[in-house]
>>> print(open('upload38.cif').read())   # mmCIF, C-alpha atoms
data_target
#
loop_
_atom_site.group_PDB
_atom_site.id
_atom_site.type_symbol
_atom_site.label_atom_id
_atom_site.label_comp_id
_atom_site.auth_asym_id
_atom_site.auth_seq_id
_atom_site.Cartn_x
_atom_site.Cartn_y
_atom_site.Cartn_z
ATOM 1 C CA MET A 1 -11.187 1.376 -13.416
ATOM 2 C CA HIS A 2 -9.155 3.838 -11.464
ATOM 3 C CA THR A 3 -7.742 7.313 -11.680
ATOM 4 C CA VAL A 4 -4.508 7.574 -13.655
ATOM 5 C CA ALA A 5 -2.369 10.645 -14.127
ATOM 6 C CA ASP A 6 -0.118 10.679 -17.149
ATOM 7 C CA VAL A 7 3.102 12.415 -16.114
ATOM 8 C CA GLY A 8 6.155 13.275 -18.203
ATOM 9 C CA GLN A 9 9.747 12.793 -17.087
ATOM 10 C CA THR A 10 12.723 15.116 -17.314
ATOM 11 C CA GLY A 11 15.480 13.191 -15.543
ATOM 12 C CA ASN A 12 16.815 16.002 -13.340
ATOM 13 C CA ARG A 13 18.854 14.990 -10.323
ATOM 14 C CA TRP A 14 17.905 15.893 -6.761
ATOM 15 C CA ASP A 15 19.462 15.870 -3.289
ATOM 16 C CA ALA A 16 17.670 13.872 -0.595
ATOM 17 C CA THR A 17 18.803 16.125 2.290
ATOM 18 C CA THR A 18 15.455 17.894 2.024
ATOM 19 C CA ALA A 19 12.877 15.348 0.911
ATOM 20 C CA PRO A 20 11.330 16.215 -2.497
ATOM 21 C CA THR A 21 7.603 17.002 -2.475
ATOM 22 C CA VAL A 22 4.865 17.374 -5.078
ATOM 23 C CA VAL A 23 1.572 19.281 -5.307
ATOM 24 C CA LEU A 24 -1.016 18.428 -7.988
ATOM 25 C CA HIS A 25 -2.925 21.280 -9.612
ATOM 26 C CA ASN A 26 -5.795 21.534 -12.069
ATOM 27 C CA ALA A 27 -5.465 23.616 -15.228
ATOM 28 C CA GLY A 28 -6.574 26.763 -13.404
ATOM 29 C CA GLY A 29 -3.938 26.391 -10.701
ATOM 30 C CA GLY A 30 -6.263 25.053 -8.028
ATOM 31 C CA VAL A 31 -4.864 22.364 -5.751
ATOM 32 C CA ILE A 32 -6.379 18.927 -6.323
ATOM 33 C CA VAL A 33 -3.862 17.046 -4.136
ATOM 34 C CA SER A 34 -1.974 18.985 -1.473
ATOM 35 C CA SER A 35 1.736 18.645 -0.791
ATOM 36 C CA ARG A 36 2.971 15.071 -0.480
ATOM 37 C CA THR A 37 6.460 13.792 0.269
ATOM 38 C CA CYS A 38 7.700 11.913 -2.783
ATOM 39 C CA ASP A 39 8.560 8.244 -2.842
ATOM 40 C CA LEU A 40 12.177 7.951 -3.973
ATOM 41 C CA GLY A 41 13.805 5.211 -6.034
ATOM 42 C CA PRO A 42 16.335 2.650 -4.714
ATOM 43 C CA SER A 43 19.644 3.767 -3.245
ATOM 44 C CA THR A 44 22.838 1.991 -2.210
ATOM 45 C CA THR A 45 26.547 2.710 -1.718
ATOM 46 C CA LEU A 46 29.714 1.334 -3.282
ATOM 47 C CA GLY A 47 31.230 -1.566 -1.371
ATOM 48 C CA ALA A 48 34.644 -1.030 -2.982
ATOM 49 C CA ALA A 49 36.475 1.666 -4.898
ATOM 50 C CA ALA A 50 35.775 1.910 -8.649
ATOM 51 C CA ALA A 51 38.271 3.257 -11.164
ATOM 52 C CA ALA A 52 37.608 5.334 -14.280
ATOM 53 C CA GLU A 53 36.956 3.144 -17.371
ATOM 54 C CA GLN A 54 35.673 0.344 -15.136
ATOM 55 C CA LYS A 55 32.350 -1.278 -16.158
ATOM 56 C CA SER A 56 31.461 -3.133 -12.942
ATOM 57 C CA LEU A 57 30.651 -1.922 -9.428
ATOM 58 C CA THR A 58 30.661 -3.653 -6.059
ATOM 59 C CA VAL A 59 27.705 -2.342 -4.043
ATOM 60 C CA ALA A 60 26.342 -2.794 -0.540
ATOM 61 C CA THR A 61 23.059 -4.212 -1.885
ATOM 62 C CA THR A 62 21.338 -4.635 -5.241
ATOM 63 C CA ALA A 63 17.860 -4.746 -3.679
ATOM 64 C CA SER A 64 15.308 -2.961 -5.918
ATOM 65 C CA LEU A 65 17.895 -2.035 -8.561
ATOM 66 C CA VAL A 66 16.541 -2.718 -12.050
ATOM 67 C CA ARG A 67 18.395 -3.708 -15.186
ATOM 68 C CA TRP A 68 18.406 -0.973 -17.856
ATOM 69 C CA ASP A 69 17.464 1.708 -15.324
ATOM 70 C CA THR A 70 19.729 4.760 -15.010
ATOM 71 C CA TYR A 71 21.239 5.824 -11.683
ATOM 72 C CA LYS A 72 23.447 8.632 -10.409
ATOM 73 C CA ILE A 73 26.839 7.675 -8.958
ATOM 74 C CA GLY A 74 28.743 10.090 -6.762
ATOM 75 C CA PRO A 75 29.688 12.682 -5.889
ATOM 76 C CA ASN A 76 33.279 11.538 -5.393
ATOM 77 C CA ILE A 77 35.914 13.329 -3.307
ATOM 78 C CA ASN A 78 36.303 15.896 -6.120
ATOM 79 C CA GLY A 79 32.553 16.568 -6.315
ATOM 80 C CA GLN A 80 32.224 14.689 -9.619
ATOM 81 C CA TRP A 81 29.216 12.528 -10.453
ATOM 82 C CA GLU A 82 27.698 10.899 -13.534
ATOM 83 C CA TRP A 83 24.716 8.906 -14.792
ATOM 84 C CA VAL A 84 25.222 5.160 -15.301
ATOM 85 C CA THR A 85 22.908 2.562 -16.848
ATOM 86 C CA VAL A 86 22.842 -0.930 -15.362
ATOM 87 C CA ASP A 87 23.273 -3.838 -17.787
ATOM 88 C CA GLY A 88 23.503 -6.733 -15.311
ATOM 89 C CA ILE A 89 22.850 -7.404 -11.626
ATOM 90 C CA ALA A 90 24.383 -9.967 -9.239
ATOM 91 C CA THR A 91 24.130 -10.315 -5.453
ATOM 92 C CA THR A 92 26.454 -7.417 -4.570
ATOM 93 C CA ALA A 93 27.621 -6.250 -7.975
ATOM 94 C CA VAL A 94 26.279 -4.498 -11.053
ATOM 95 C CA VAL A 95 27.611 -4.372 -14.599
ATOM 96 C CA LEU A 96 27.275 -1.081 -16.471
ATOM 97 C CA VAL A 97 26.435 -0.446 -20.115
ATOM 98 C CA ASP A 98 29.280 2.092 -20.455
ATOM 99 C CA GLU A 99 32.618 2.636 -18.745
ATOM 100 C CA LEU A 100 32.890 5.059 -15.839
ATOM 101 C CA THR A 101 34.179 8.527 -16.613
ATOM 102 C CA TYR A 102 35.456 9.215 -13.077
ATOM 103 C CA SER A 103 36.851 7.212 -10.146
ATOM 104 C CA TYR A 104 34.870 6.668 -6.929
ATOM 105 C CA SER A 105 35.583 5.496 -3.390
ATOM 106 C CA SER A 106 33.921 2.875 -1.226
ATOM 107 C CA GLY A 107 30.867 4.458 0.398
ATOM 108 C CA ASP A 108 30.026 6.797 -2.516
ATOM 109 C CA ALA A 109 26.341 6.767 -3.440
ATOM 110 C CA LEU A 110 24.565 4.964 -6.265
ATOM 111 C CA GLN A 111 20.937 6.028 -6.345
ATOM 112 C CA SER A 112 17.871 6.328 -8.505
ATOM 113 C CA HIS A 113 16.561 9.779 -9.262
ATOM 114 C CA ASP A 114 12.949 8.870 -9.898
ATOM 115 C CA MET A 115 10.407 10.707 -7.774
ATOM 116 C CA SER A 116 6.847 9.460 -7.476
ATOM 117 C CA VAL A 117 3.774 9.818 -5.320
ATOM 118 C CA THR A 118 1.296 7.056 -4.531
ATOM 119 C CA LEU A 119 -2.388 8.003 -4.708
ATOM 120 C CA SER A 120 -5.494 6.227 -3.520
ATOM 121 C CA ALA A 121 -8.843 6.241 -5.306
ATOM 122 C CA GLY A 122 -10.113 8.939 -2.962
ATOM 123 C CA ASP A 123 -7.323 11.401 -3.729
ATOM 124 C CA ILE A 124 -8.702 12.436 -7.130
ATOM 125 C CA THR A 125 -12.382 11.779 -7.784
ATOM 126 C CA SER A 126 -12.916 13.993 -10.845
ATOM 127 C CA VAL A 127 -11.801 13.845 -14.454
ATOM 128 C CA TYR A 128 -9.490 16.730 -15.381
ATOM 129 C CA ARG A 129 -7.644 17.959 -18.445
ATOM 130 C CA ASP A 130 -4.262 19.704 -18.508
ATOM 131 C CA CYS A 131 -3.320 19.299 -14.858
ATOM 132 C CA TYR A 132 0.238 19.778 -13.688
ATOM 133 C CA ALA A 133 2.425 18.361 -10.950
ATOM 134 C CA ALA A 134 4.705 20.855 -9.177
ATOM 135 C CA TRP A 135 7.779 18.907 -8.026
ATOM 136 C CA SER A 136 9.901 20.704 -5.390
ATOM 137 C CA TYR A 137 13.439 19.546 -4.636
ATOM 138 C CA GLU A 138 17.008 20.759 -4.055
ATOM 139 C CA VAL A 139 20.194 20.424 -6.096
ATOM 140 C CA ASP A 140 23.424 21.353 -4.300
ATOM 141 C CA GLY A 141 21.364 23.105 -1.627
ATOM 142 C CA ILE A 142 19.459 25.301 -4.106
ATOM 143 C CA GLY A 143 15.679 24.905 -4.223
ATOM 144 C CA ARG A 144 14.101 24.079 -7.579
ATOM 145 C CA LYS A 145 10.594 23.465 -8.841
ATOM 146 C CA ASP A 146 9.576 21.692 -12.053
ATOM 147 C CA HIS A 147 6.104 21.364 -13.543
ATOM 148 C CA THR A 148 5.024 18.307 -15.530
ATOM 149 C CA THR A 149 1.610 18.127 -17.177
ATOM 150 C CA PHE A 150 -0.799 15.200 -16.993
ATOM 151 C CA HIS A 151 -4.457 14.241 -17.397
ATOM 152 C CA VAL A 152 -6.638 12.572 -14.791
ATOM 153 C CA SER A 153 -8.470 9.804 -16.604
ATOM 154 C CA LEU A 154 -10.393 6.586 -16.162
ATOM 155 C CA TYR A 155 -8.889 4.746 -19.114
ATOM 156 C CA ALA A 156 -6.500 2.356 -17.363
ATOM 157 C CA PRO A 157 -7.705 -1.253 -16.919
ATOM 158 C CA ARG A 158 -6.281 -3.702 -14.404
ATOM 159 C CA LEU A 159 -2.835 -4.937 -15.443
ATOM 160 C CA ALA A 160 -2.954 -8.670 -16.223
ATOM 161 C CA LEU A 161 0.210 -9.446 -18.218
ATOM 162 C CA THR A 162 2.774 -11.778 -16.572
ATOM 163 C CA ALA A 163 6.390 -12.788 -17.197
ATOM 164 C CA ALA A 164 5.142 -16.188 -18.371
ATOM 165 C CA ASP A 165 3.006 -14.511 -21.043
ATOM 166 C CA VAL A 166 6.015 -12.567 -22.343
ATOM 167 C CA THR A 167 8.291 -15.623 -22.397
ATOM 168 C CA GLN A 168 5.650 -17.689 -24.190
ATOM 169 C CA GLU A 169 5.299 -14.965 -26.830
ATOM 170 C CA TYR A 170 9.067 -14.448 -27.188
ATOM 171 C CA PRO A 171 11.085 -17.410 -25.802
ATOM 172 C CA ARG A 172 14.406 -15.512 -25.972
ATOM 173 C CA THR A 173 13.123 -13.457 -23.022
ATOM 174 C CA ALA A 174 14.359 -16.186 -20.660
ATOM 175 C CA THR A 175 17.877 -15.764 -22.064
ATOM 176 C CA VAL A 176 17.883 -11.965 -22.028
ATOM 177 C CA ILE A 177 16.310 -11.700 -18.550
ATOM 178 C CA ALA A 178 16.855 -14.883 -16.545
ATOM 179 C CA GLU A 179 14.790 -13.913 -13.486
ATOM 180 C CA PRO A 180 10.979 -13.850 -14.027
ATOM 181 C CA GLN A 181 10.579 -11.225 -11.290
ATOM 182 C CA ARG A 182 12.687 -8.809 -13.334
ATOM 183 C CA VAL A 183 10.408 -9.399 -16.307
ATOM 184 C CA ASP A 184 7.480 -8.495 -14.058
ATOM 185 C CA LEU A 185 9.290 -5.295 -13.039
ATOM 186 C CA LEU A 186 9.890 -4.486 -16.702
ATOM 187 C CA ILE A 187 6.186 -5.053 -17.466
ATOM 188 C CA ARG A 188 5.124 -2.595 -14.764
ATOM 189 C CA ARG A 189 7.669 0.014 -15.883
ATOM 190 C CA ILE A 190 6.641 -0.181 -19.541
ATOM 191 C CA TRP A 191 2.968 -0.101 -18.523
ATOM 192 C CA SER A 192 3.332 3.135 -16.563
ATOM 193 C CA LYS A 193 6.092 4.845 -18.538
ATOM 194 C CA ARG A 194 5.203 3.864 -22.112
ATOM 195 C CA VAL A 195 1.783 2.339 -22.726
ATOM 196 C CA LEU A 196 -0.274 4.604 -20.459
ATOM 197 C CA VAL A 197 1.549 7.618 -21.882
ATOM 198 C CA ASP A 198 0.717 6.516 -25.439
ATOM 199 C CA VAL A 199 -2.886 5.718 -24.509
ATOM 200 C CA GLY A 200 -3.197 9.167 -22.949
ATOM 201 C CA LYS A 201 -2.126 10.738 -26.240
ATOM 202 C CA LEU A 202 -4.932 8.941 -28.061
ATOM 203 C CA PHE A 203 -7.912 9.540 -25.811
ATOM 204 C CA ALA A 204 -9.488 12.449 -23.984
ATOM 205 C CA PRO A 205 -9.519 11.960 -20.208
ATOM 206 C CA GLY A 206 -12.629 10.081 -19.134
ATOM 207 C CA GLY A 207 -12.476 7.378 -21.789
ATOM 208 C CA LEU A 208 -12.705 3.705 -20.865
ATOM 209 C CA VAL A 209 -10.914 1.115 -22.996
ATOM 210 C CA SER A 210 -10.894 -2.651 -23.353
ATOM 211 C CA GLY A 211 -8.655 -4.282 -20.754
ATOM 212 C CA GLU A 212 -7.977 -7.239 -23.054
ATOM 213 C CA THR A 213 -6.844 -4.962 -25.882
ATOM 214 C CA ALA A 214 -4.728 -2.805 -23.555
ATOM 215 C CA ASN A 215 -2.890 -5.856 -22.237
ATOM 216 C CA GLU A 216 -2.301 -7.089 -25.782
ATOM 217 C CA ALA A 217 -0.707 -3.725 -26.589
ATOM 218 C CA LEU A 218 1.402 -4.014 -23.439
ATOM 219 C CA LEU A 219 2.597 -7.497 -24.468
ATOM 220 C CA TYR A 220 3.738 -6.224 -27.865
ATOM 221 C CA ARG A 221 5.526 -3.229 -26.327
ATOM 222 C CA VAL A 222 7.378 -5.399 -23.783
ATOM 223 C CA VAL A 223 8.458 -7.927 -26.421
ATOM 224 C CA MET A 224 9.668 -5.077 -28.630
ATOM 225 C CA HIS A 225 11.804 -3.802 -25.731
ATOM 226 C CA VAL A 226 13.282 -7.236 -24.924
ATOM 227 C CA ALA A 227 14.009 -7.937 -28.598
ATOM 228 C CA GLN A 228 15.880 -4.635 -28.829
ATOM 229 C CA GLN A 229 18.008 -5.646 -25.832
ATOM 230 C CA ALA A 230 18.708 -8.986 -27.530
ATOM 231 C CA ARG A 231 19.724 -7.055 -30.670
ATOM 232 C CA ASP A 232 17.002 -8.977 -32.467
ATOM 233 C CA PHE A 233 16.077 -5.882 -34.428
ATOM 234 C CA GLU A 234 13.919 -7.562 -37.080
ATOM 235 C CA VAL A 235 11.660 -8.992 -34.379
ATOM 236 C CA ALA A 236 11.660 -5.651 -32.558
ATOM 237 C CA GLU A 237 10.456 -3.933 -35.729
ATOM 238 C CA VAL A 238 7.664 -6.481 -36.181
ATOM 239 C CA TYR A 239 6.450 -5.962 -32.614
ATOM 240 C CA ASP A 240 6.691 -2.206 -32.973
ATOM 241 C CA ASP A 241 4.204 -2.492 -35.861
ATOM 242 C CA LEU A 242 1.999 -4.834 -33.810
ATOM 243 C CA TYR A 243 2.050 -2.366 -30.919
ATOM 244 C CA LYS A 244 0.969 0.497 -33.141
ATOM 245 C CA SER A 245 -1.869 -1.634 -34.532
ATOM 246 C CA ALA A 246 -2.951 -2.513 -30.992
ATOM 247 C CA LEU A 247 -3.096 1.178 -30.109
ATOM 248 C CA ASP A 248 -5.343 1.715 -33.145
ATOM 249 C CA ALA A 249 -7.526 -1.129 -31.891
ATOM 250 C CA LEU A 250 -7.707 0.573 -28.498
ATOM 251 C CA ARG A 251 -9.006 3.694 -30.198
ATOM 252 C CA ALA A 252 -11.921 1.639 -31.515
ATOM 253 C CA THR A 253 -12.815 0.342 -28.027
ATOM 254 C CA VAL A 254 -12.956 3.696 -26.272
ATOM 255 C CA VAL A 255 -16.191 4.499 -24.454
ATOM 256 C CA ASP A 256 -16.938 7.820 -22.759
ATOM 257 C CA PRO A 257 -19.611 6.755 -20.251
ATOM 258 C CA ASP A 258 -20.715 10.238 -19.212
ATOM 259 C CA GLU A 259 -20.002 11.820 -22.630
ATOM 260 C CA SER A 260 -17.972 14.472 -20.843
ATOM 261 C CA GLY A 261 -15.010 14.223 -23.199
ATOM 262 C CA GLY A 262 -12.828 14.942 -20.199
ATOM 263 C CA VAL A 263 -14.603 18.083 -18.945
ATOM 264 C CA ASP A 264 -14.188 18.548 -15.184
ATOM 265 C CA GLU A 265 -16.970 16.496 -13.684
ATOM 266 C CA ALA A 266 -17.421 14.547 -10.463
ATOM 267 C CA GLU A 267 -16.774 10.824 -10.936
ATOM 268 C CA HIS A 268 -16.718 7.969 -8.501
ATOM 269 C CA VAL A 269 -13.437 6.096 -8.905
ATOM 270 C CA PRO A 270 -13.369 2.598 -7.386
ATOM 271 C CA GLY A 271 -10.130 1.696 -5.599
ATOM 272 C CA VAL A 272 -9.023 -1.102 -7.917
ATOM 273 C CA ARG A 273 -5.308 -0.298 -7.883
ATOM 274 C CA THR A 274 -3.065 2.342 -6.408
ATOM 275 C CA PRO A 275 -1.723 4.467 -9.256
ATOM 276 C CA ARG A 276 1.567 6.317 -9.150
ATOM 277 C CA LEU A 277 2.454 9.682 -10.544
ATOM 278 C CA ARG A 278 6.102 9.571 -11.498
ATOM 279 C CA ARG A 279 8.810 12.036 -12.284
ATOM 280 C CA GLY A 280 12.231 10.786 -13.294
#
>>> encode(input="upload38.cif", output="structure tokens")
Amino acid sequence: MHTVADVGQTGNRWDATTAPTVVLHNAGGGVIVSSRTCDLGPSTTLGAAAAAEQKSLTVATTASLVRWDTYKIGPNINGQWEWVTVDGIATTAVVLVDELTYSYSSGDALQSHDMSVTLSAGDITSVYRDCYAAWSYEVDGIGRKDHTTFHVSLYAPRLALTAADVTQEYPRTATVIAEPQRVDLLIRRIWSKRVLVDVGKLFAPGGLVSGETANEALLYRVVMHVAQQARDFEVAEVYDDLYKSALDALRATVVDPDESGGVDEAEHVPGVRTPRLRRG
């Protein structure tokens, strides 16, 4: 088991001129992790001009770009920019879900606006309720600071689900997402952004849950997502129900080893995996 912080997302944009940072605080305002420079999502530039109402982009590289993720394009020569969602990825091109609103030139930026910080097991060794992350960044040269709340918990088991598991459960996965590595990326994103968030709503920090049951819930949530993308809405609804049932099953497996119920208390946290606090 390892420390996990459950962090919300607000989707604000940032400028990378001054690198965004984050400080983690406990409920009383005390610092539990001092200022860290944030890890930033993938970034590339346009390899050719793109006209308004166009739905495809030529880019310098598609490395680390993820289907169904949202990115900021721009600003263009007029200072305009917009959010775009990627629907398909080739070697040096991406297809968008919606048409562009504005036109852009070769060299304009296409970049993720996720911010995250990687923590080791030694960074947070206590269980805390109602912590908050103070994210500092700039937009158009003006400094901003957002707070997102989270809990430090021990409830997250080792992630075991694979792309092969998802495809076996829902064979259409191979048609919707041809590359297994992109299924693995989707699994990790849904694990951190959906399942852990939902688990955190169910349990007080400090609870341990069954790894087998947690991975079953993750499987159902991933299949639900893929079925929605395939417009297989009846299947998506079935797996939504299965996911909710799996969360109920997780509730039944919870164990609070020190009976703290999440009260601040020193805990030894083995370094099983490196968790990430994320702000989008």
>>> resolve_selection(input="upload38.cif", expression="the PyMOL selection byres ((chain A and resi 62) around 8)", output="JSON, numbers by chain")
{"A": [44, 59, 60, 61, 63, 64, 65, 89, 90, 91, 92, 93, 94]}
>>> resolve_selection(input="upload38.cif", expression="the PyMOL selection byres ((chain A and resi 36-38) around 9)", output="list in words")
Ala19, Pro20, Thr21, Val22, Val23, Val33, Ser34, Ser35, Asp39, Leu40, Met115, Ser116, Val117, Thr118 and Trp135 of chain A
>>> residues_near_point(input="upload38.cif", point="(-4.7, 27.6, -15.0)", cutoff="10 Å", atoms="all atoms listed in the file", output="short mmCIF file (atom, residue, chain, number, x, y, z; two decimals) with C-alpha atoms, in the coordinates of the input")
data_model
loop_
_atom_site.label_atom_id
_atom_site.label_comp_id
_atom_site.auth_asym_id
_atom_site.auth_seq_id
_atom_site.Cartn_x
_atom_site.Cartn_y
_atom_site.Cartn_z
CA HIS A 25 -2.92 21.28 -9.61
CA ASN A 26 -5.80 21.53 -12.07
CA ALA A 27 -5.46 23.62 -15.23
CA GLY A 28 -6.57 26.76 -13.40
CA GLY A 29 -3.94 26.39 -10.70
CA GLY A 30 -6.26 25.05 -8.03
CA ASP A 130 -4.26 19.70 -18.51
CA CYS A 131 -3.32 19.30 -14.86
CA TYR A 132 0.24 19.78 -13.69
#
>>> atom_distance(input="upload38.cif", atom1="CA of Ser112 (chain A)", atom2="CA of Ala52 (chain A)")
20.6 Å
>>> resolve_selection(input="upload38.cif", expression="the PyMOL selection byres ((chain A and resi 144) around 12)", output="list in words")
Asn12, Arg13, Trp14, Asp15, Thr18, Pro20, Thr21, Val22, Ala134, Trp135, Ser136, Tyr137, Glu138, Val139, Asp140, Gly141, Ile142, Gly143, Lys145, Asp146 and His147 of chain A
>>> atom_distance(input="upload38.cif", atom1="CA of Ala133 (chain A)", atom2="CA of Arg194 (chain A)")
18.5 Å
